[in-house]
Amino acid sequence: MGKTRIEFLCRECGANHPKWLGKCPDCGAWDSLEKFAVEVEATKPGAGPIWGGPEAGDAEELARSGIGRAVALGAVPEAQVPRLPTGIGEFDRVLGGGVVPGSVMLLGGDPGIGKSTLLMQVAASIAARGGTALYASSEESPQQVRLRAERLEPVVRAGGAKALGERLLVLGETDVARIVEQARRAQASIVLVDSIQLVHRRDVTAAPGSIAQLRRATLDLVALAKSTGCAVVLVGHVTKEGALAGPKLLEHLVDVVLGFEGDRHSAIRVVRGVKNRFGSTQEIGLFEMRGDGLAEIEAMRVPLTGGPAAPGCAFVATMAGTRCLLGEVHALVSTGFLGSAKRRASGLDSSRLAMLIAVLEKHGGLRLADQDVFAQALGGLKIAEPAADLAVLLAVAGAFLQRALPDGTVALGEVGLTGELRTVPHLEQRVHESLRRGARVVLVPSSAKITMPKQQSERGKIAGEHLDGEIVKVGTIQRAIDLLAPCTRALSGRDLAPDSARSARESAPALEPKPGARRSEAQPRNAR
Ligand code: TYD
Ligand code: MG
């Protein structure tokens, strides 16, 4: 090992400083600097760019590739981004078509959410498709890894761990040098490191998981990826707050950052792109945790009809990338204290909830100042877009007034501060998806321009499919609140007797067949 110099690295932003400071001057974080020994040799100038381009000495090569000398953007040779599909459709969707060879990915998520399971499925799937996968487990022994693998669907489908033979390799190792050496020897097409927090370099004296170790180990794996063209997937722990543990620095070093989320009490898991140098971060991948591992799912099973159309419940069609998903929003309003009423949102934007409560007070005539309001999106789904405003608003209003929307109603629309409803992006796709999934009524803002085939679209065929639902236009939140019908029956009674539920529905006010027509008899707004 060459000469070393002591520097101090910021855990938050990765900036280095020659001496210790209580507060990082770059990002302003307190107590975030950690001691770090830098090899003087490694920092000498001309070490070449991180993505493995030509060295500084190679002037001709440098000029050609546009490194070291400014060239016109159009003159830079085009790069092809090849993809290695993992065979797990939902995972490939998030990545934009597959893993990019030579890229480094970081997958973060709560403990027990299923990171190791997902990684093993990716490894097995790639091995089954003819690639070589090296699963480096620093947390579990190879026996434990095998035990899990034998239960997983992709491994079972490929004929078991034996059938995958030399193409699925397991390494129980925490020394990054040996992981790199084994990956090179096996000519792996993908290396999966579970987890980076427990991997260390022998010549760095800091403890595993410290910023110095994380940085060095990650840089070694980045170098492996760039020099051999194998893809590297790192598992990272997350903190209590859900941020990737320790290092923002780690996120800067890698090409792709994925978050693995889900509600511990539900089986739905969502893979979300946080950063992607090779594609968009709009798409999500949907999985369900089952007895035989993670299964891909197309959409969440949201029972739109037949369920308890209880007060405080509303459905919305939300966009996740190019895909439209149905979501369910629940709200509860209970007596609180004036001046310190609680507003809590889970899976929803809490500032938007506060705004919607204010709009309900001002333009809906509801007195919520002394009411605690709780609202949540069900099934581990996060709905932050304004398109869900109307659904959240109707859930809160329904919970307060003890009134429910007609069975199978999906509400779409952004609520303005003046109480008007605005149209939302991708409205047609949302309406179509709602109707396809069995919605009986879709509420849309009256300003919406829906160009469904002919007028029959209000009830009838869309793009060749027979969809039996109604599109109802509403202009203001007042008119939307008027659609809430009183609920006279208890929830359990309705569950047990579907016929009585039907009669409860039929006693609900009929929705206007003609958009924009005035209701003959307005509902009393405040039932209290
Ligand atoms: P795991 O992948 O070990 O989580 P992580 O690596 O993120 O800590 O998965 C842990 C949980 O998943 C565990 O509590 C059990 C559950 N699980 C299943 O429900 N089905 C399965 O087939 C497997 C392998 C795990
Ligand atoms: Mg694990």
# chains A, B, ... in the order shown; residues from 1 in each chain; ligands from 1
>>> residues_around(residues="region 82-99 of chain A", least_positions_apart="5", cutoff="9 Å", atoms="only C-alpha atoms", output="PyMOL selection string")
chain A and resi 105+121-123+125-126+129+189-190+231+256+258+271-273+276+278-287+296-298
>>> closest_atom_pairs(of="chain A", to="ligand 2", cutoff="8 Å", atoms="only C-alpha atoms and all ligand atoms", output="tab-separated table")
residue	atom	partner	partner_atom_place_in_ligand_line	distance
A:Pro111	CA	ligand 2	1 (Mg)	6.9
A:Gly112	CA	ligand 2	1 (Mg)	6.6
A:Gly114	CA	ligand 2	1 (Mg)	6.8
A:Lys115	CA	ligand 2	1 (Mg)	5.6
A:Ser116	CA	ligand 2	1 (Mg)	4.2
A:Thr117	CA	ligand 2	1 (Mg)	7.3
A:Glu139	CA	ligand 2	1 (Mg)	7.0
A:Glu140	CA	ligand 2	1 (Mg)	7.8
A:Asp194	CA	ligand 2	1 (Mg)	6.6
A:Ser195	CA	ligand 2	1 (Mg)	7.4
>>> atom_distance(atom1="CA of Gln80 (chain A)", atom2="CA of Val257 (chain A)")
21.2 Å
>>> select_by_dssp(residues="region 311-428 of chain A", states="helix (DSSP H, G or I)", output="number ranges by chain")
A: 350-363, 386-401, 427-428
>>> write_last_selection(atoms="C-alpha atoms", output="CSV table (one decimal), in the first residue's frame")
chain,number,residue,atom,x,y,z
A,350,SER,CA,-50.3,15.7,3.4
A,351,SER,CA,-50.0,19.3,2.3
A,352,ARG,CA,-52.5,18.5,-0.5
A,353,LEU,CA,-54.8,17.0,2.1
A,354,ALA,CA,-54.7,20.2,4.2
A,355,MET,CA,-55.5,22.2,1.1
A,356,LEU,CA,-58.5,20.0,0.3
A,357,ILE,CA,-59.8,20.3,3.8
A,358,ALA,CA,-59.6,24.1,3.5
A,359,VAL,CA,-61.4,24.0,0.2
A,360,LEU,CA,-64.2,21.8,1.8
A,361,GLU,CA,-64.5,24.4,4.5
A,362,LYS,CA,-64.7,27.4,2.2
A,363,HIS,CA,-66.6,26.0,-0.8
A,386,PRO,CA,-53.3,16.2,-8.1
A,387,ALA,CA,-55.6,13.9,-10.2
A,388,ALA,CA,-56.5,12.2,-7.0
A,389,ASP,CA,-57.8,15.4,-5.4
A,390,LEU,CA,-61.5,14.8,-6.1
A,391,ALA,CA,-61.3,11.2,-4.7
A,392,VAL,CA,-59.6,12.4,-1.5
A,393,LEU,CA,-62.0,15.3,-1.2
A,394,LEU,CA,-65.0,13.0,-1.6
A,395,ALA,CA,-63.6,10.5,0.8
A,396,VAL,CA,-63.2,13.2,3.5
A,397,ALA,CA,-66.6,14.8,2.8
A,398,GLY,CA,-68.2,11.3,2.8
A,399,ALA,CA,-66.6,10.4,6.1
A,400,PHE,CA,-67.8,13.7,7.6
A,401,LEU,CA,-71.3,13.6,6.3
A,427,LEU,CA,-57.8,11.5,-18.6
A,428,GLU,CA,-58.9,9.2,-21.5
>>> closest_atom_pairs(of="chain A", to="ligand 1", cutoff="10 Å", atoms="only C-alpha atoms and all ligand atoms", output="tab-separated table")
residue	atom	partner	partner_atom_place_in_ligand_line	distance
A:Leu107	CA	ligand 1	7 (O)	9.7
A:Gly108	CA	ligand 1	7 (O)	8.5
A:Gly109	CA	ligand 1	7 (O)	6.3
A:Asp110	CA	ligand 1	7 (O)	6.2
A:Pro111	CA	ligand 1	8 (O)	4.0
A:Gly112	CA	ligand 1	8 (O)	3.4
A:Ile113	CA	ligand 1	7 (O)	4.2
A:Gly114	CA	ligand 1	2 (O)	3.2
A:Lys115	CA	ligand 1	7 (O)	3.6
A:Ser116	CA	ligand 1	2 (O)	3.7
A:Thr117	CA	ligand 1	2 (O)	3.7
A:Leu118	CA	ligand 1	2 (O)	6.5
A:Leu119	CA	ligand 1	2 (O)	7.9
A:Met120	CA	ligand 1	2 (O)	8.4
A:Gln121	CA	ligand 1	24 (C)	9.6
A:Glu139	CA	ligand 1	6 (O)	9.1
A:Glu140	CA	ligand 1	3 (O)	9.4
A:Val145	CA	ligand 1	3 (O)	9.5
A:Leu147	CA	ligand 1	24 (C)	8.9
A:Arg148	CA	ligand 1	24 (C)	5.4
A:Ala149	CA	ligand 1	24 (C)	7.4
A:Glu150	CA	ligand 1	24 (C)	9.1
A:Arg151	CA	ligand 1	22 (O)	6.2
A:Leu152	CA	ligand 1	22 (O)	5.8
A:Glu153	CA	ligand 1	22 (O)	8.2
A:Asp194	CA	ligand 1	6 (O)	7.9
A:Ser195	CA	ligand 1	6 (O)	8.6
A:Val235	CA	ligand 1	6 (O)	8.4
A:Gly236	CA	ligand 1	7 (O)	9.5
A:His237	CA	ligand 1	7 (O)	8.6
A:Phe260	CA	ligand 1	7 (O)	8.3
A:Glu261	CA	ligand 1	7 (O)	9.7
A:Arg264	CA	ligand 1	14 (O)	9.1
A:Ala267	CA	ligand 1	19 (O)	8.0
A:Glu288	CA	ligand 1	19 (O)	9.1
A:Met289	CA	ligand 1	19 (O)	5.3
A:Arg290	CA	ligand 1	20 (N)	5.0
A:Gly291	CA	ligand 1	20 (N)	4.2
A:Asp292	CA	ligand 1	22 (O)	4.0
A:Gly293	CA	ligand 1	22 (O)	3.3
A:Leu294	CA	ligand 1	22 (O)	6.7
A:Ala295	CA	ligand 1	22 (O)	9.5
>>> residues_around(residues="Gly229 (chain A)", least_positions_apart="4", cutoff="6 Å", atoms="only C-alpha atoms", output="MDAnalysis selection string")
chainID A and resid 101:102 225
>>> atom_distance(atom1="CA of Ala480 (chain A)", atom2="CA of Leu443 (chain A)")
8.2 Å
>>> residues_around(residues="Ile383 (chain A)", least_positions_apart="2", cutoff="10 Å", atoms="only C-alpha atoms", output="MDAnalysis selection string")
chainID A and resid 316:320 327:329 346:349 376:378 380:381 385:389
>>> write_last_selection(atoms="N, CA and C atoms", output="CSV table (one decimal), in the first residue's frame")
chain,number,residue,atom,x,y,z
A,316,VAL,N,-59.8,6.0,-7.3
A,316,VAL,CA,-59.2,6.9,-8.3
A,316,VAL,C,-58.3,6.0,-9.2
A,317,ALA,N,-58.2,6.5,-10.5
A,317,ALA,CA,-57.3,5.9,-11.4
A,317,ALA,C,-56.0,6.8,-11.5
A,318,THR,N,-54.9,6.2,-11.0
A,318,THR,CA,-53.7,7.0,-10.9
A,318,THR,C,-52.6,6.5,-11.9
A,319,MET,N,-51.8,7.4,-12.4
A,319,MET,CA,-50.8,7.0,-13.4
A,319,MET,C,-49.5,6.7,-12.7
A,320,ALA,N,-48.9,5.6,-13.2
A,320,ALA,CA,-47.5,5.2,-12.7
A,320,ALA,C,-46.7,5.0,-14.0
A,327,GLY,N,-56.6,2.9,-7.6
A,327,GLY,CA,-56.3,3.0,-6.2
A,327,GLY,C,-57.5,3.3,-5.4
A,328,GLU,N,-57.4,3.0,-4.1
A,328,GLU,CA,-58.5,3.2,-3.2
A,328,GLU,C,-58.1,4.2,-2.1
A,329,VAL,N,-58.9,5.1,-1.8
A,329,VAL,CA,-58.6,6.1,-0.8
A,329,VAL,C,-59.6,6.0,0.3
A,346,SER,N,-51.5,9.1,4.8
A,346,SER,CA,-50.5,8.0,4.6
A,346,SER,C,-50.7,7.5,3.2
A,347,GLY,N,-49.6,7.6,2.4
A,347,GLY,CA,-49.6,7.2,1.0
A,347,GLY,C,-50.2,8.4,0.2
A,348,LEU,N,-50.5,9.5,0.8
A,348,LEU,CA,-51.1,10.7,0.1
A,348,LEU,C,-50.2,11.9,0.5
A,349,ASP,N,-50.3,12.9,-0.3
A,349,ASP,CA,-49.6,14.1,0.0
A,349,ASP,C,-50.3,14.9,1.1
A,376,GLN,N,-55.8,7.8,3.8
A,376,GLN,CA,-54.8,6.9,3.4
A,376,GLN,C,-55.1,6.3,2.1
A,377,ALA,N,-54.0,6.0,1.3
A,377,ALA,CA,-54.1,5.2,0.1
A,377,ALA,C,-53.9,3.8,0.5
A,378,LEU,N,-54.7,2.9,0.0
A,378,LEU,CA,-54.6,1.5,0.4
A,378,LEU,C,-53.7,0.7,-0.5
A,380,GLY,N,-50.4,-0.1,-0.1
A,380,GLY,CA,-49.0,0.3,-0.2
A,380,GLY,C,-48.8,1.2,-1.4
A,381,LEU,N,-49.8,1.7,-2.1
A,381,LEU,CA,-49.7,2.6,-3.2
A,381,LEU,C,-49.5,4.0,-2.7
A,385,GLU,N,-50.3,12.5,-6.9
A,385,GLU,CA,-50.7,13.5,-8.0
A,385,GLU,C,-52.0,14.2,-7.8
A,386,PRO,N,-52.1,15.4,-8.3
A,386,PRO,CA,-53.3,16.2,-8.1
A,386,PRO,C,-54.6,15.5,-8.7
A,387,ALA,N,-54.4,14.6,-9.6
A,387,ALA,CA,-55.6,13.9,-10.2
A,387,ALA,C,-56.4,13.2,-9.2
A,388,ALA,N,-55.8,12.9,-8.0
A,388,ALA,CA,-56.5,12.2,-7.0
A,388,ALA,C,-57.3,13.1,-6.0
A,389,ASP,N,-57.2,14.5,-6.3
A,389,ASP,CA,-57.8,15.4,-5.4
A,389,ASP,C,-59.3,15.2,-5.2
>>> closest_residue(among="A:Ala299, A:Ala124, A:Val373, A:Leu250", to="Arg11 (chain A)", atoms="only C-alpha atoms")
A:Leu250
>>> atom_distance(atom1="CA of Ile477 (chain A)", atom2="CA of Leu304 (chain A)")
22.1 Å
